[in-house]
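Structure below is run.txt: compact mmCIF, C-alpha atoms.
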# COMPACT_ATOMS: atom_id res chain seq x y z
CA PRO A 1 0.00 0.00 0.00
CA ILE A 2 1.00 3.59 -0.67
CA GLY A 3 1.40 5.94 2.31
CA PRO A 4 2.18 5.43 5.99
CA ASP A 5 1.39 2.21 7.79
CA ARG A 6 -0.68 3.57 10.69
CA ALA A 7 -0.56 0.23 12.49
CA HIS A 8 3.28 0.36 12.56
CA PRO A 9 4.45 3.98 12.81
CA GLU A 10 8.15 4.77 12.39
CA VAL A 11 10.33 7.74 13.25
CA VAL A 12 11.42 9.18 9.91
CA GLY A 13 13.03 12.37 11.15
CA ILE A 14 13.73 14.42 14.25
CA LEU A 15 13.36 18.19 14.46
CA SER A 16 16.36 19.34 16.47
CA THR A 17 15.67 22.17 18.88
CA ASP A 18 19.27 22.41 20.11
CA TYR A 19 19.56 26.03 19.02
CA VAL A 20 23.04 26.51 20.49
CA GLY A 21 24.81 23.32 19.55
CA GLU A 22 24.02 19.80 18.47
CA ASP A 23 23.85 17.47 21.48
CA ASP A 24 25.13 20.26 23.75
CA ARG A 25 23.13 19.50 26.92
CA VAL A 26 24.87 22.32 28.80
CA ASN A 27 23.96 25.19 26.48
CA SER A 28 20.92 23.73 24.76
CA SER A 29 17.22 24.14 25.40
CA ASP A 30 14.61 21.70 26.59
CA SER A 31 11.63 21.57 24.24
CA ALA A 32 8.81 21.58 26.79
CA ASP A 33 5.73 21.79 24.54
CA VAL A 34 4.48 22.18 20.97
CA ASP A 35 1.32 23.39 19.29
CA LEU A 36 0.22 23.05 15.68
CA ASN A 37 -2.32 25.12 13.75
CA GLY A 38 -2.46 24.54 10.01
CA ASN A 39 1.16 24.60 8.81
CA LEU A 40 2.44 26.62 11.77
CA LEU A 41 4.30 24.75 14.51
CA ALA A 42 5.22 26.56 17.73
CA VAL A 43 7.86 25.05 20.03
CA ALA A 44 8.26 26.08 23.68
CA SER A 45 11.82 26.05 25.03
CA GLN A 46 13.18 26.18 28.55
CA ALA A 47 16.91 26.73 28.95
CA PHE A 48 19.32 24.40 30.72
CA ASN A 49 21.51 27.40 31.56
CA GLU A 50 21.64 31.15 30.99
CA ASP A 51 23.39 30.88 27.61
CA ALA A 52 20.71 28.72 25.98
CA PHE A 53 17.66 29.86 24.03
CA ALA A 54 14.51 30.21 26.14
CA GLY A 55 11.29 31.16 24.41
CA VAL A 56 9.14 30.27 21.42
CA SER A 57 10.34 29.09 18.00
CA LEU A 58 8.12 28.99 14.91
CA TYR A 59 8.30 26.55 11.99
CA ASP A 60 6.51 26.06 8.69
CA VAL A 61 5.58 22.39 8.46
CA SER A 62 4.01 22.48 4.99
CA ASP A 63 6.43 19.66 4.28
CA PRO A 64 6.34 17.70 7.57
CA PHE A 65 9.50 15.82 6.59
CA ASP A 66 11.42 19.07 6.18
CA PRO A 67 10.19 21.72 8.66
CA MET A 68 11.44 25.22 7.88
CA PHE A 69 12.57 27.43 10.76
CA LEU A 70 10.82 30.81 10.57
CA GLY A 71 11.76 32.79 13.66
CA GLN A 72 11.79 32.90 17.44
CA VAL A 73 11.17 35.22 20.36
CA TRP A 74 12.90 35.27 23.75
CA THR A 75 10.64 35.00 26.82
CA GLY A 76 13.24 33.84 29.31
CA GLY A 77 11.71 30.35 29.25
CA THR A 78 8.42 28.93 27.96
CA HIS A 79 6.78 25.88 29.51
CA ASP A 80 3.61 25.76 27.40
CA VAL A 81 2.72 27.35 24.06
CA GLN A 82 -0.60 27.75 22.21
CA ILE A 83 -1.41 29.21 18.80
CA ASP A 84 -4.54 31.35 18.58
CA PRO A 85 -7.48 29.32 17.19
CA GLY A 86 -8.13 32.13 14.68
CA TRP A 87 -4.66 31.82 13.12
CA PRO A 88 -3.66 33.36 10.68
CA ALA A 89 -6.31 36.13 10.85
CA ARG A 90 -5.44 36.40 14.55
CA PRO A 91 -1.62 36.15 14.42
CA TYR A 92 -1.07 35.45 18.12
CA VAL A 93 0.91 32.85 20.01
CA TYR A 94 0.58 32.49 23.79
CA SER A 95 3.52 31.56 26.00
CA ALA A 96 3.33 30.35 29.63
CA ASN A 97 6.63 31.49 31.10
CA PHE A 98 6.78 29.20 34.12
CA GLU A 99 10.52 28.71 34.51
CA SER A 100 11.62 32.12 33.36
CA ASP A 101 13.76 34.59 35.23
CA ASP A 102 13.17 37.33 32.65
CA GLN A 103 12.38 40.47 34.66
CA ASP A 104 9.70 41.64 32.22
CA HIS A 105 7.99 38.38 31.25
CA GLY A 106 8.94 35.74 33.84
CA PHE A 107 6.01 33.86 35.44
CA HIS A 108 3.50 35.60 33.12
CA VAL A 109 1.62 34.67 29.96
CA SER A 110 3.19 36.50 27.04
CA ILE A 111 0.98 37.24 24.05
CA ILE A 112 3.21 37.19 20.99
CA ASP A 113 2.41 39.01 17.76
CA ALA A 114 3.56 36.61 15.05
CA SER A 115 2.25 38.57 12.07
CA ASN A 116 5.89 38.76 10.95
CA LEU A 117 6.93 35.13 11.39
CA ALA A 118 10.60 35.97 10.93
CA ASN A 119 10.46 38.51 13.75
CA PRO A 120 7.74 37.68 16.30
CA VAL A 121 7.50 40.13 19.21
CA ILE A 122 5.86 40.13 22.60
CA LEU A 123 2.75 42.28 22.34
CA THR A 124 1.75 42.25 26.01
CA ASP A 125 1.58 40.01 29.07
CA TYR A 126 -1.25 38.73 31.21
CA VAL A 127 -0.24 38.72 34.88
CA SER A 128 -2.20 37.16 37.71
CA PRO A 129 -3.35 39.84 40.18
CA GLU A 130 -1.98 37.77 43.07
CA PRO A 131 1.61 38.51 44.17
CA GLN A 132 4.57 36.17 43.78
CA GLY A 133 5.42 33.81 46.62
CA GLU A 134 7.88 34.33 49.42
CA ASP A 135 11.34 35.48 48.27
CA GLU A 136 9.96 35.91 44.71
CA LEU A 137 9.77 32.13 44.19
CA ALA A 138 7.66 30.90 41.30
CA PHE A 139 4.60 30.02 43.38
CA ASN A 140 2.38 32.21 41.24
CA SER A 141 3.42 31.33 37.74
CA ALA A 142 1.70 30.55 34.42
CA HIS A 143 2.22 26.84 33.79
CA ASP A 144 -0.28 25.48 31.24
CA LEU A 145 -2.59 27.07 28.66
CA THR A 146 -5.69 26.21 26.67
CA LEU A 147 -7.47 28.47 24.17
CA LEU A 148 -11.13 28.06 23.27
CA VAL A 149 -13.69 30.10 21.37
CA HIS A 150 -16.89 30.58 23.39
CA PRO A 151 -19.73 28.93 21.41
CA ASP A 152 -22.28 31.69 22.14
CA THR A 153 -20.27 34.91 22.25
CA GLY A 154 -17.40 34.04 19.90
CA HIS A 155 -14.95 35.46 22.47
CA VAL A 156 -11.49 33.90 22.53
CA LEU A 157 -10.87 32.61 26.05
CA LEU A 158 -7.49 31.71 27.48
CA TYR A 159 -7.55 29.21 30.35
CA VAL A 160 -4.38 29.46 32.42
CA ALA A 161 -3.23 27.01 35.08
CA TYR A 162 -1.51 29.63 37.22
CA TRP A 163 0.14 27.31 39.77
CA ASP A 164 -0.79 28.39 43.34
CA SER A 165 -3.01 31.13 41.94
CA GLY A 166 -5.31 28.49 40.41
CA LEU A 167 -7.28 28.54 37.19
CA ARG A 168 -7.54 31.93 35.52
CA ILE A 169 -9.91 32.59 32.61
CA VAL A 170 -8.81 35.49 30.45
CA ASP A 171 -10.72 37.06 27.55
CA VAL A 172 -8.13 37.64 24.81
CA THR A 173 -10.61 38.60 22.09
CA ASP A 174 -8.69 41.90 22.08
CA ALA A 175 -5.22 40.39 22.40
CA THR A 176 -3.67 43.78 23.14
CA HIS A 177 -5.82 44.08 26.28
CA PRO A 178 -6.23 40.68 27.99
CA ARG A 179 -9.00 40.84 30.57
CA GLU A 180 -9.49 38.32 33.35
CA ILE A 181 -13.09 37.25 33.62
If you convert what's in this file into structure tokens, what do you get?
Amino acid sequence: PIGPDRAHPEVVGILSTDYVGEDDRVNSSDSADVDLNGNLLAVASQAFNEDAFAGVSLYDVSDPFDPMFLGQVWTGGTHDVQIDPGWPARPYVYSANFESDDQDHGFHVSIIDASNLANPVILTDYVSPEPQGEDELAFNSAHDLTLLVHPDTGHVLLYVAYWDSGLRIVDVTDATHPREI
């Protein structure tokens, strides 16, 4: 038969996300999560040390056997990544920056404008209204994300597992002004 044998899948290629050096576990990144929407693949990376890449990388997977790197944005460390369900009309990617020590974006959800795939930029952040834990430890940190479109209102809702701060539901219909509901 022509095509893949779904009963016996095989690994036919590996997308390397060692952005610093091949098999360099000291300076490389840990790919913590991926999301796919159409031909856009987003990869979340947490760094093993301060010299490694930590953020979101974007790929065109039109040819799944030869993904093409498009661009990336630094967040200081991304644990979970989600592409907006309205992609590409809504060119947003959401990054849960759980293990990030970035002073501007660490522990938050960064909303990334990926309208220029070669140069995605952080548009804004959603921050839980509760303060960080004792000694600024990551007790109140965005960990996991899910995006859904409300069936009645059409609003784009971001569900954030915000560690000790619990579940947060954020209306990101206007991505420039995320609003907790």
Task: Protein, DNA and RNA residues within 6 Å of (-10.4, 38.0, 34.0), only C-alpha atoms, as a list in words - done: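 Within 6 Å of (-10.4, 38.0, 34.0), the protein and nucleic acid residues are Ile169, Val170, Arg179, Glu180 and Ile181 of chain A.
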Open item on the list: Please report the interatomic distance between CA of Gly76 (chain A) and CA of Gly166 (chain A) in Å with one decimal.
Closed with: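 Separation of CA of Gly76 (chain A) and CA of Gly166 (chain A): 22.3 Å.
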- [ ] Extract, using all atoms listed in the file, all DNA, RNA and protein residues at most 6 Å from Tyr94 (chain A), discarding same-chain residues fewer than 4 positions from it, and format them as a VMD selection string.
- [x] chain A and resid 81 to 82 110 to 111
Task: For Phe65 (chain A), the nearest of the candidates A:Leu167, A:Val11, A:Leu145, A:Asp174, counting all atoms listed in the file - done: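 With all atoms listed in the file as the atom set, the closest residue is A:Val11.
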TODO: Work out how far CA of His108 (chain A) is from CA of Val127 (chain A), in Å to one decimal.
DONE: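 We find that CA of Val127 (chain A) and CA of His108 (chain A) lie 5.2 Å from each other.
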- [ ] Please indicate the distance in Å from CA of Val149 (chain A) to CA of Val93 (chain A), rounded to one decimal place.
- [x] 14.9 Å
Task: Residue with smallest distance to Gly154 (chain A) - pool A:Glu10, A:Asp171, A:Asp51, A:Glu130, counting only C-alpha atoms - done: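 Closest to Gly154 (chain A), using only C-alpha atoms: A:Asp171.
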Open item on the list: I need the residue nearest Asp125 (chain A) from this list: A:Gly77, A:Gly13, A:Pro178, A:Pro151. Use only C-alpha atoms for the distance.
Closed with: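 Ranking A:Gly77, A:Gly13, A:Pro178, A:Pro151 by distance to Asp125 (chain A), first place goes to A:Pro178.
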Task: Test item: residues at most 7 Å from region 70-75 of chain A, all atoms listed in the file, excluding those fewer than 6 positions along its chain, as a PyMOL selection string - done: chain A and resi 54-60+97+102+105+117-121
Open item on the list: Would you pick out the contacts of region 160-162 of chain A at 6 Å or less, using only C-alpha atoms, so that residues sharing its chain but fewer than 5 positions from it are not included, and give the list as a PyMOL selection string?
Closed with: chain A and resi 141-145+167-168
TODO: Select, from A:Ala44, A:Leu147, A:Ala52, A:Val61, the residue with the minimum atom-to-atom distance to Ser95 (chain A), counting all atoms listed in the file.
DONE: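 That would be A:Ala44, the residue with the smallest distance to Ser95 (chain A).
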TODO: Can you work out which one of A:Ile83, A:Leu15, A:Leu148, A:Ala7 has the shortest atom-to-atom distance to Asn39 (chain A), counting all atoms listed in the file?
DONE: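 Going through A:Ile83, A:Leu15, A:Leu148, A:Ala7 one by one, the smallest distance to Asn39 (chain A) is for A:Ile83.
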Open item on the list: My list of candidates is A:Val12, A:Ala42, A:Ile112, A:Ala47. Which is closest to Phe69 (chain A) when distances are computed with only C-alpha atoms?
Closed with: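 Of A:Val12, A:Ala42, A:Ile112, A:Ala47, the one nearest Phe69 (chain A), counting only C-alpha atoms, is A:Ala42.
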